[in-house]
file input.txt (compact mmCIF, C-alpha atoms and all ligand atoms)
# COMPACT_ATOMS: atom_id res chain seq x y z
CA MET N 357 105.82 103.36 96.18
CA GLN N 358 103.86 105.71 98.49
CA ARG N 359 100.14 105.49 97.81
CA GLN N 360 97.75 107.95 99.49
CA PRO N 361 95.78 106.04 102.16
CA LEU N 362 92.12 105.63 101.24
CA VAL N 363 89.21 104.86 103.57
CA ILE N 364 85.71 104.34 102.20
CA ALA N 365 82.53 104.28 104.29
CA ASN N 366 79.85 101.96 102.94
CA TRP N 367 76.69 102.84 104.81
CA LYS N 368 74.73 100.09 103.00
CA MET N 369 70.97 100.64 103.67
CA ASN N 370 71.60 102.66 106.83
CA GLY N 371 72.13 106.23 107.94
CA SER N 372 70.05 109.40 107.98
CA ARG N 373 70.29 113.11 107.35
CA GLN N 374 71.20 113.57 111.00
CA LEU N 375 74.07 111.09 110.77
CA THR N 376 75.19 112.81 107.56
CA SER N 377 75.70 116.08 109.47
CA GLN N 378 77.31 114.33 112.44
CA LEU N 379 79.86 112.39 110.42
CA ALA N 380 80.63 115.28 108.07
CA GLN N 381 81.26 117.59 111.04
CA ALA N 382 83.43 115.03 112.80
CA LEU N 383 85.53 114.53 109.66
CA ARG N 384 85.84 118.22 108.88
CA ALA N 385 87.02 118.98 112.42
CA ASP N 386 90.25 117.15 111.60
CA THR N 387 91.64 118.93 108.55
CA GLY N 388 95.07 117.35 108.94
CA LEU N 389 93.44 113.95 108.56
CA LEU N 390 91.70 114.88 105.33
CA ASN N 391 94.99 116.14 103.85
CA ASP N 392 96.68 112.82 104.53
CA VAL N 393 93.87 110.35 103.88
CA THR N 394 91.37 110.31 101.03
CA VAL N 395 88.01 109.73 102.71
CA VAL N 396 85.02 108.65 100.63
CA VAL N 397 81.47 108.17 101.91
CA CYS N 398 79.00 105.95 100.05
CA PRO N 399 75.59 106.64 101.61
CA PRO N 400 72.31 105.33 100.24
CA ALA N 401 71.81 107.23 96.96
CA VAL N 402 68.92 109.28 98.35
CA LEU N 403 71.33 110.82 100.90
CA LEU N 404 73.88 111.94 98.31
CA PRO N 405 72.29 115.42 97.98
CA ALA N 406 72.42 115.87 101.78
CA TRP N 407 76.09 114.87 101.73
CA GLN N 408 76.74 117.20 98.80
CA GLN N 409 75.53 120.11 100.93
CA GLU N 410 77.81 119.12 103.79
CA VAL N 411 81.01 118.72 101.79
CA PHE N 412 81.03 121.84 99.66
CA TYR N 413 84.78 122.24 100.26
CA ASP N 414 85.34 118.92 98.49
CA ASP N 415 87.30 117.70 101.47
CA VAL N 416 85.26 114.51 101.82
CA HIS N 417 84.56 112.60 98.61
CA LEU N 418 81.31 110.83 97.75
CA GLY N 419 80.52 107.51 96.19
CA ALA N 420 77.57 105.39 95.09
CA GLN N 421 77.04 101.85 96.42
CA ASP N 422 76.07 100.55 92.98
CA THR N 423 74.81 101.75 89.61
CA ASN N 424 72.99 100.27 86.66
CA GLU N 425 75.12 99.63 83.58
CA ASN N 426 72.59 101.41 81.35
CA SER N 427 72.69 105.19 81.12
CA ALA N 428 68.88 105.63 81.22
CA GLY N 429 65.64 103.80 80.59
CA ALA N 430 62.95 101.61 82.07
CA HIS N 431 64.84 100.21 85.08
CA THR N 432 62.54 100.84 88.03
CA GLY N 433 64.39 101.32 91.30
CA GLU N 434 67.85 101.57 89.75
CA HIS N 435 70.30 104.50 89.63
CA SER N 436 72.28 105.47 86.53
CA LEU N 437 75.80 106.88 86.33
CA PRO N 438 74.59 110.31 85.13
CA LEU N 439 72.25 110.48 88.14
CA VAL N 440 74.76 109.51 90.82
CA SER N 441 77.44 111.66 89.20
CA GLU N 442 75.12 114.68 89.22
CA ALA N 443 74.46 113.96 92.90
CA GLY N 444 78.18 114.27 93.62
CA ALA N 445 79.50 110.71 93.42
CA GLU N 446 83.11 110.39 92.24
CA TYR N 447 83.47 106.71 93.15
CA VAL N 448 81.19 103.72 92.51
CA LEU N 449 81.31 100.41 94.37
CA VAL N 450 80.94 97.46 92.01
CA GLY N 451 80.52 93.79 92.78
CA HIS N 452 79.94 94.06 96.51
CA SER N 453 79.27 90.54 97.79
CA GLU N 454 75.81 91.56 98.99
CA ARG N 455 74.97 92.54 95.38
CA ARG N 456 76.62 89.42 94.00
CA GLN N 457 74.73 87.14 96.37
CA ALA N 458 71.30 88.78 96.63
CA TYR N 459 70.82 90.97 93.55
CA GLY N 460 72.14 89.01 90.60
CA ASP N 461 75.49 90.70 90.05
CA SER N 462 77.28 87.90 88.20
CA ASP N 463 80.92 88.25 87.12
CA GLN N 464 79.65 89.27 83.67
CA ARG N 465 77.32 91.93 85.05
CA VAL N 466 80.15 93.27 87.21
CA GLN N 467 82.27 93.50 84.06
CA ALA N 468 79.51 95.45 82.26
CA LYS N 469 79.27 97.85 85.18
CA VAL N 470 83.05 98.38 85.32
CA ASP N 471 83.12 99.05 81.57
CA SER N 472 80.25 101.53 81.75
CA ILE N 473 81.80 103.45 84.67
CA LEU N 474 85.20 103.77 82.97
CA ALA N 475 83.57 104.83 79.71
CA PHE N 476 81.43 107.42 81.44
CA ALA N 477 82.04 111.09 80.63
CA GLY N 478 85.76 110.95 79.99
CA GLN N 479 86.62 108.72 82.95
CA LYS N 480 85.63 111.09 85.72
CA LEU N 481 84.39 108.27 87.96
CA LYS N 482 86.47 105.73 89.84
CA VAL N 483 85.54 102.07 90.18
CA VAL N 484 85.88 100.37 93.54
CA LEU N 485 85.88 96.72 92.50
CA CYS N 486 84.96 94.40 95.38
CA VAL N 487 86.26 90.83 95.34
CA GLY N 488 86.23 88.11 97.98
CA GLU N 489 85.76 84.44 98.67
CA GLN N 490 83.06 82.71 100.69
CA GLU N 491 83.92 80.70 103.76
CA HIS N 492 83.56 77.30 102.06
CA GLU N 493 85.80 78.49 99.22
CA ARG N 494 88.54 79.47 101.71
CA ASP N 495 88.09 76.17 103.55
CA SER N 496 88.57 74.21 100.34
CA GLY N 497 91.71 76.17 99.44
CA ASP N 498 90.11 78.05 96.54
CA THR N 499 90.56 81.63 97.78
CA VAL N 500 93.11 82.65 95.15
CA LYS N 501 91.23 80.89 92.36
CA VAL N 502 88.04 82.80 93.19
CA ILE N 503 89.81 86.16 93.46
CA GLU N 504 91.62 85.57 90.16
CA ARG N 505 88.35 84.71 88.38
CA GLN N 506 86.63 87.79 89.76
CA LEU N 507 89.54 90.08 88.80
CA ALA N 508 90.03 88.58 85.35
CA THR N 509 86.37 88.90 84.39
CA ALA N 510 85.77 92.33 85.89
CA LEU N 511 88.91 93.88 84.38
CA ALA N 512 88.88 92.02 81.04
CA ASN N 513 88.34 95.21 79.03
CA VAL N 514 90.31 97.62 81.24
CA SER N 515 93.49 99.09 79.76
CA ALA N 516 96.64 100.09 81.67
CA GLY N 517 95.66 103.73 81.13
CA GLN N 518 92.28 103.18 82.75
CA LEU N 519 93.80 101.46 85.78
CA ALA N 520 94.41 104.87 87.37
CA HIS N 521 90.63 104.97 87.89
CA VAL N 522 90.42 101.59 89.62
CA VAL N 523 90.51 100.69 93.31
CA VAL N 524 90.31 97.03 94.38
CA ALA N 525 88.69 96.11 97.70
CA TYR N 526 89.30 92.63 99.12
CA GLU N 527 86.30 91.69 101.24
CA PRO N 528 86.22 88.06 102.36
CA VAL N 529 82.51 87.28 102.49
CA TRP N 530 82.86 85.39 105.78
CA ALA N 531 84.26 88.53 107.45
CA ILE N 532 81.52 90.95 106.39
CA GLY N 533 79.30 92.01 109.28
CA THR N 534 80.27 88.91 111.25
CA GLY N 535 82.88 90.32 113.61
CA LYS N 536 85.30 87.71 112.18
CA THR N 537 88.12 89.77 110.66
CA ALA N 538 90.76 88.25 108.44
CA SER N 539 94.06 88.34 110.30
CA PRO N 540 96.51 90.95 108.99
CA GLU N 541 98.58 88.09 107.53
CA GLN N 542 95.59 86.48 105.77
CA ALA N 543 94.59 89.84 104.32
CA GLN N 544 98.15 90.76 103.29
CA ASP N 545 98.58 87.37 101.54
CA VAL N 546 95.54 88.02 99.34
CA HIS N 547 96.51 91.66 98.76
CA ALA N 548 99.99 90.57 97.65
CA PHE N 549 98.36 88.09 95.28
CA ILE N 550 96.14 90.86 93.85
CA ARG N 551 99.12 93.22 93.45
CA ASN N 552 101.14 90.50 91.66
CA TRP N 553 98.23 89.63 89.41
CA LEU N 554 97.79 93.30 88.47
CA GLN N 555 101.54 93.59 87.81
CA GLN N 556 101.44 90.63 85.45
CA GLN N 557 98.59 92.19 83.50
CA TYR N 558 99.52 95.87 83.64
CA ASP N 559 103.23 96.17 84.59
CA ALA N 560 104.09 99.40 86.39
CA ALA N 561 100.53 100.80 86.29
CA ALA N 562 99.62 98.21 88.96
CA GLU N 563 101.70 100.06 91.55
CA THR N 564 99.28 102.97 91.69
CA VAL N 565 96.14 100.92 92.41
CA PRO N 566 94.93 101.32 96.01
CA LEU N 567 94.09 97.94 97.58
CA LEU N 568 91.57 98.13 100.43
CA TYR N 569 90.61 95.54 103.01
CA GLY N 570 86.97 95.25 104.13
CA GLY N 571 85.22 92.94 106.59
CA SER N 572 84.61 93.79 110.26
CA VAL N 573 87.24 96.55 110.36
CA LYS N 574 86.97 98.31 113.70
CA ALA N 575 88.98 100.95 115.55
CA ASP N 576 90.91 98.27 117.43
CA ASN N 577 91.94 96.01 114.53
CA ALA N 578 92.54 98.72 111.91
CA PRO N 579 96.11 99.65 112.99
CA ALA N 580 97.45 96.10 112.52
CA LEU N 581 95.66 95.65 109.18
CA PHE N 582 96.86 99.01 107.84
CA ALA N 583 100.42 98.28 108.91
CA GLU N 584 100.67 95.64 106.15
CA SER N 585 102.56 96.72 103.05
CA ASP N 586 99.80 96.08 100.51
CA ILE N 587 96.80 97.23 102.57
CA ASP N 588 96.34 100.87 101.56
CA GLY N 589 93.18 101.47 103.58
CA GLY N 590 89.75 100.03 104.21
CA LEU N 591 86.17 99.65 103.05
CA ILE N 592 84.17 100.07 106.23
CA GLY N 593 80.58 98.96 106.84
CA GLY N 594 79.18 98.93 110.38
CA ALA N 595 81.89 101.07 111.99
CA SER N 596 81.31 103.85 109.44
CA LEU N 597 77.95 104.51 111.11
CA GLU N 598 79.73 105.54 114.32
CA PRO N 599 81.63 108.82 113.81
CA GLU N 600 84.14 108.17 116.62
CA ALA N 601 84.98 104.68 115.39
CA PHE N 602 85.20 105.78 111.76
CA LEU N 603 87.53 108.65 112.64
CA ALA N 604 89.76 106.29 114.60
CA ILE N 605 89.93 103.98 111.56
CA CYS N 606 90.83 106.92 109.31
CA ARG N 607 93.58 107.92 111.76
CA ALA N 608 94.95 104.38 111.66
CA ALA N 609 95.20 104.77 107.86
CA GLN N 610 96.87 108.15 108.32
CA ALA N 611 99.63 106.40 110.29
CA ARG N 612 100.70 104.67 107.03
CA ARG N 613 102.14 107.99 105.94
CA SER N 614 104.62 108.25 108.81
O1 LIG N 701 80.85 95.02 103.48
C1 LIG N 701 81.59 95.79 104.06
C2 LIG N 701 81.96 97.08 103.47
O2 LIG N 701 81.60 97.14 102.13
C3 LIG N 701 82.12 95.46 105.40
O3 LIG N 701 81.08 95.54 106.31
P1 LIG N 701 81.42 95.44 107.88
O4 LIG N 701 82.52 96.45 108.14
O5 LIG N 701 80.14 95.80 108.56
O6 LIG N 701 81.87 94.05 108.12
call {"tool": "encode", "arguments": {"input": "input.txt", "output": "structure tokens"}}
result
Amino acid sequence: MQRQPLVIANWKMNGSRQLTSQLAQALRADTGLLNDVTVVVCPPAVLLPAWQQEVFYDDVHLGAQDTNENSAGAHTGEHSLPLVSEAGAEYVLVGHSERRQAYGDSDQRVQAKVDSILAFAGQKLKVVLCVGEQEHERDSGDTVKVIERQLATALANVSAGQLAHVVVAYEPVWAIGTGKTASPEQAQDVHAFIRNWLQQQYDAAAETVPLLYGGSVKADNAPALFAESDIDGGLIGGASLEPEAFLAICRAAQARRS
């Protein structure tokens, strides 16, 4: 099945208004690219309004890096779904390893966030569920066990109908920001496992779910990664802060369509 390639920029706690204009202009200069590839930018939440002004043609889509599972209340420093949605976000990253490791996002909390996003306002938001093993878990042969646990908990309450609003990003923790990319074969093996697992749970609905690879994706390694059958695009950290590099990565995803 032909899935539209998807590339998501995760700026993490980086970027600026100036970079917002630069990247938006670079992306908009290549209209053919934006027809073929769905491009989503997840800036820090305070930059969402600046991005909203840049992408008034809806050609680039916006996302939030995280949200709180509560819709409002006394949660100092947090962002709710109504707030990020009003600021233009259509996608929400959930369970990024940096949130799992440093900010208390347990499997259960990830599940609560997934449930709240899919229940929000008639399912207008998409979940980008991040999963991935740590280096010692890969070394001890537990990669698949960890991924299965993360998927099973996060998606426990998700129906086949809701799966159309889910993207899964495989981000091996040892490859994030380290320059150590998973080889295309290592990534494809895990993506095939994820696809099979989704098929067992959801039958045909699993075919529509975009599976992204993230972890030190750069302009030079993206073509080989995106040539794999179950790698539908990427979740890009550092290289998304460099317009030239990010565009080259998006073009590598575009090549999946030919
Ligand atoms: O964590 C990532 C994207 O969410 C990957 O980050 P890097 O591309 O900087 O390794």
call {"tool": "residues_near_ligand", "arguments": {"input": "input.txt", "ligand": "ligand LIG 701 (chain N)", "cutoff": "7 Å", "atoms": "all atoms listed in the file", "output": "list in words"}}
result
Asn366, His452, Glu527, Ala531, Ile532, Gly533, Thr534, Gly535, Gly570, Gly571, Ser572, Val573, Leu591, Ile592, Gly593, Gly594 and Ala595 of chain N
call {"tool": "atom_distance", "arguments": {"input": "input.txt", "atom1": "CA of Ala562 (chain N)", "atom2": "CA of Val546 (chain N)"}}
result
15.1 Å
call {"tool": "atom_distance", "arguments": {"input": "input.txt", "atom1": "CA of Glu563 (chain N)", "atom2": "CA of Val450 (chain N)"}}
result
20.9 Å
call {"tool": "residues_around", "arguments": {"input": "input.txt", "residues": "Val565 (chain N)", "least_positions_apart": "3", "cutoff": "7 Å", "atoms": "all atoms listed in the file", "output": "count of residues only"}}
result
4
call {"tool": "atom_distance", "arguments": {"input": "input.txt", "atom1": "CA of Ala543 (chain N)", "atom2": "CA of Arg505 (chain N)"}}
result
17.9 Å
call {"tool": "closest_residue", "arguments": {"input": "input.txt", "among": "N:Gln408, N:Asn391, N:Gln557, N:Gln490", "to": "Glu454 (chain N)", "atoms": "all atoms listed in the file"}}
result
N:Gln490
call {"tool": "axis_aligned_box", "arguments": {"input": "input.txt", "around": "region 580-596 of chain N", "padding_each_side": "6 Å", "output": "lines of an AutoDock Vina configuration file"}}
result
center_x = 90.9
center_y = 99.7
center_z = 106.5
size_x = 35.4
size_y = 20.2
size_z = 24.0
call {"tool": "closest_residue", "arguments": {"input": "input.txt", "among": "N:Ile587, N:Ala608, N:Ala516, N:Ala477", "to": "Ala548 (chain N)", "atoms": "all atoms listed in the file"}}
result
N:Ile587
call {"tool": "closest_residue", "arguments": {"input": "input.txt", "among": "N:His492, N:Arg455, N:Arg551, N:His435", "to": "Lys368 (chain N)", "atoms": "only C-alpha atoms"}}
result
N:Arg455
call {"tool": "closest_atom_pairs", "arguments": {"input": "input.txt", "of": "region 416-453 of chain N", "to": "region 399-406 of chain N", "cutoff": "12 Å", "atoms": "all atoms listed in the file", "output": "Markdown table"}}
result
| residue | atom | partner | partner_atom | distance |
| --- | --- | --- | --- | --- |
| N:His417 | CA | N:Leu404 | CA | 10.7 |
| N:Leu418 | CA | N:Leu404 | CA | 7.5 |
| N:Gly419 | CA | N:Pro399 | CA | 7.4 |
| N:Ala420 | CA | N:Ala401 | CA | 6.3 |
| N:Gln421 | CA | N:Pro400 | CA | 7.0 |
| N:Asp422 | CA | N:Ala401 | CA | 8.9 |
| N:Thr423 | CA | N:Ala401 | CA | 9.6 |
| N:Gly433 | CA | N:Ala401 | CA | 11.0 |
| N:Glu434 | CA | N:Ala401 | CA | 10.0 |
| N:His435 | CA | N:Ala401 | CA | 8.0 |
| N:Ser436 | CA | N:Ala401 | CA | 10.6 |
| N:Leu437 | CA | N:Ala401 | CA | 11.4 |
| N:Leu439 | CA | N:Ala401 | CA | 9.4 |
| N:Val440 | CA | N:Ala401 | CA | 7.2 |
| N:Ser441 | CA | N:Leu404 | CA | 9.8 |
| N:Glu442 | CA | N:Pro405 | CA | 9.2 |
| N:Ala443 | CA | N:Pro405 | CA | 5.7 |
| N:Gly444 | CA | N:Leu404 | CA | 6.8 |
| N:Ala445 | CA | N:Leu404 | CA | 7.6 |
| N:Glu446 | CA | N:Leu404 | CA | 11.2 |
| N:Tyr447 | CA | N:Pro399 | CA | 11.6 |
| N:Val448 | CA | N:Ala401 | CA | 11.0 |
| N:Leu449 | CA | N:Pro399 | CA | 11.1 |
call {"tool": "closest_residue", "arguments": {"input": "input.txt", "among": "N:Asn577, N:Ser496, N:Ser472, N:Asn424", "to": "Ala538 (chain N)", "atoms": "only C-alpha atoms"}}
result
N:Asn577
call {"tool": "closest_residue", "arguments": {"input": "input.txt", "among": "N:Asn552, N:Leu603, N:Gln544, N:Lys536", "to": "Ala580 (chain N)", "atoms": "all atoms listed in the file"}}
result
N:Gln544
call {"tool": "closest_residue", "arguments": {"input": "input.txt", "among": "N:Ala510, N:Leu474, N:Val487, N:Leu567", "to": "Val529 (chain N)", "atoms": "only C-alpha atoms"}}
result
N:Val487
call {"tool": "residues_near_point", "arguments": {"input": "input.txt", "point": "(89.0, 81.2, 95.7)", "cutoff": "12 Å", "atoms": "only C-alpha atoms", "output": "list in words"}}
result
Val487, Gly488, Glu489, Gln490, Glu491, His492, Glu493, Arg494, Asp495, Ser496, Gly497, Asp498, Thr499, Val500, Lys501, Val502, Ile503, Glu504, Arg505, Gln506, Leu507, Tyr526, Pro528, Val529, Val546 and Phe549 of chain N
call {"tool": "residues_around", "arguments": {"input": "input.txt", "residues": "region 360-364 of chain N", "least_positions_apart": "2", "cutoff": "7 Å", "atoms": "only C-alpha atoms", "output": "ChimeraX atom specification"}}
result
/N:358,366,393-397,588-592,606,609-610
